[in-house]
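Undergrad: Shown below is the structure under consideration.
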Amino acid sequence: MKELLGKERPGLYRSRSGIILGVCKGLADYFDFSVFWVRAAVIFFMLFTGFWPIAGLYLVAALIMKPEPVVKFINVDDQEFYNSYASSRTMGLQRLKRTFDHLERRLRRIEDSVTAREFDWERRFNQNS
């Protein structure tokens with residue numbers, strides 16, 4: 001299993017602290033560039049290729065890119081859960097439901113084993129009385 005994600009390259013996310021939708025800052029973080037140069041490149045392309053094509057690509061990128069997680073990932077499982085939840089909320093909720101169903105089954109087994117002895121002792125006590 002992989003260690004902490006701090007040693008690996010983080011995923012491509014929209015930054016929560018960006019100026020306009022966080023696309024430029026997310027790209028800069030992912031490719032390890034200066035945010036200034038990414039924004040300068042976007043403005044340069046907007047000026048020389050026309051406003052609408054680059055603005056359209058920018059909005060499409062903002063819709064496709066997932067927002068940056070609020071809390072840093074501790075391990076790979078956290079990242080997988082975030083990616084499944086961000087891409088499909090129903091899939092993330094189904095995974096969460098399966099996890100809690102599994103925990104509930106384990107808890108019921110524990111309760112059955114604990115309460116079975118108590119029931120058995122009460123039954124023995126009532127028979128001897």
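Here's how to read the names in the structure tokens: chain A, B, ... by the order shown, residue numbers from 1 in each chain, ligand numbers from 1 in the order shown.
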Please produce, as a tab-separated table, a per-residue contact table for segment 54-86 of chain A versus segment 33-43 of chain A (criterion: any atom at most 10 Å away, only C-alpha atoms considered), showing the nearest atom pair and its distance in Å to one decimal, sorted by chain then residue number.
TA:
residue	atom	partner	partner_atom	distance
A:Ile54	CA	A:Val42	CA	7.5
A:Ala55	CA	A:Val42	CA	9.1
A:Tyr58	CA	A:Val42	CA	8.8
Undergrad: As a short mmCIF file (atom, residue, chain, number, x, y, z; two decimals) with N, CA, C and O atoms, in the first residue's frame, please: every residue in segment 4-127 of chain A that DSSP puts in strand (DSSP E or B).
TA:
data_model
loop_
_atom_site.label_atom_id
_atom_site.label_comp_id
_atom_site.auth_asym_id
_atom_site.auth_seq_id
_atom_site.Cartn_x
_atom_site.Cartn_y
_atom_site.Cartn_z
N TYR A 13 -7.03 19.63 -9.57
CA TYR A 13 -8.23 20.18 -8.96
C TYR A 13 -8.30 21.68 -9.18
O TYR A 13 -7.27 22.34 -9.31
N ARG A 14 -9.54 22.21 -9.16
CA ARG A 14 -9.71 23.67 -9.15
C ARG A 14 -9.35 24.15 -7.75
O ARG A 14 -9.76 23.56 -6.76
N LYS A 66 -12.56 18.91 -10.74
CA LYS A 66 -13.18 18.79 -9.42
C LYS A 66 -12.60 19.87 -8.51
O LYS A 66 -11.44 20.25 -8.64
N PRO A 67 -13.40 20.37 -7.56
CA PRO A 67 -12.84 21.34 -6.62
C PRO A 67 -11.81 20.69 -5.71
O PRO A 67 -11.90 19.50 -5.38
#
Undergrad: Please indicate the distance in Å from atom CA of Leu21 of chain A to atom CA of Ala61 of chain A, rounded to one decimal place.
TA: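 Calculated distance between atom CA of Leu21 of chain A and atom CA of Ala61 of chain A is 9.6 Å.
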Undergrad: What is the distance between atom CA of Ile110 of chain A and atom CA of Arg98 of chain A, in Å to one decimal?
TA: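 We find that atom CA of Ile110 of chain A and atom CA of Arg98 of chain A lie 18.6 Å from each other.
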Undergrad: Among chain A, which residues carry a DSSP assignment of alpha helix (DSSP H), reported as a VMD selection string?
TA: chain A and resid 23 to 31 35 to 49 51 to 64 76 to 87 89 to 128
Undergrad: Compile the contact shell of Lys25 of chain A as an MDAnalysis selection string: residues with an atom at most 7 Å away, counting only C-alpha atoms, same-chain residues fewer than 4 positions apart removed.
TA: chainID A and resid 15 18 29 35
Undergrad: Grab the residues selected above and save them as a JSON list (two decimals), in the first residue's frame with all heavy atoms.
TA:
[["chain", "number", "residue", "atom", "x", "y", "z"],
["A", 15, "SER", "N", -8.61, 25.22, -7.67],
["A", 15, "SER", "CA", -8.21, 25.75, -6.38],
["A", 15, "SER", "C", -9.38, 26.48, -5.73],
["A", 15, "SER", "O", -10.15, 27.16, -6.39],
["A", 15, "SER", "CB", -7.03, 26.71, -6.56],
["A", 15, "SER", "OG", -6.71, 27.29, -5.32],
["A", 18, "GLY", "N", -8.54, 30.46, -5.71],
["A", 18, "GLY", "CA", -8.27, 31.12, -6.98],
["A", 18, "GLY", "C", -9.14, 32.36, -7.14],
["A", 18, "GLY", "O", -10.10, 32.59, -6.41],
["A", 29, "ASP", "N", -0.69, 24.74, -9.72],
["A", 29, "ASP", "CA", -0.33, 23.81, -8.65],
["A", 29, "ASP", "C", 0.00, 22.43, -9.21],
["A", 29, "ASP", "O", 0.94, 21.77, -8.76],
["A", 29, "ASP", "CB", -1.45, 23.70, -7.62],
["A", 29, "ASP", "CG", -1.60, 24.95, -6.79],
["A", 29, "ASP", "OD1", -0.66, 25.78, -6.78],
["A", 29, "ASP", "OD2", -2.67, 25.12, -6.16],
["A", 35, "VAL", "N", 1.67, 30.84, -10.62],
["A", 35, "VAL", "CA", 0.30, 31.21, -10.97],
["A", 35, "VAL", "C", 0.31, 32.43, -11.89],
["A", 35, "VAL", "O", -0.52, 32.53, -12.81],
["A", 35, "VAL", "CB", -0.53, 31.49, -9.69],
["A", 35, "VAL", "CG1", -1.95, 31.89, -10.04],
["A", 35, "VAL", "CG2", -0.52, 30.30, -8.78]]
Undergrad: Calculated over only C-alpha atoms, which of the candidates A:Phe73, A:Tyr30, A:Phe125, A:Phe45 has the smallest distance to Leu57 of chain A?
TA: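 Selected residue with least distance to Leu57 of chain A: A:Phe45.
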Undergrad: May I ask which of the residues A:Pro53, A:Asp78, A:Phe48, A:Leu59 is the closest one to Gly22 of chain A, counting only C-alpha atoms?
TA: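 Nearest to Gly22 of chain A: A:Leu59.
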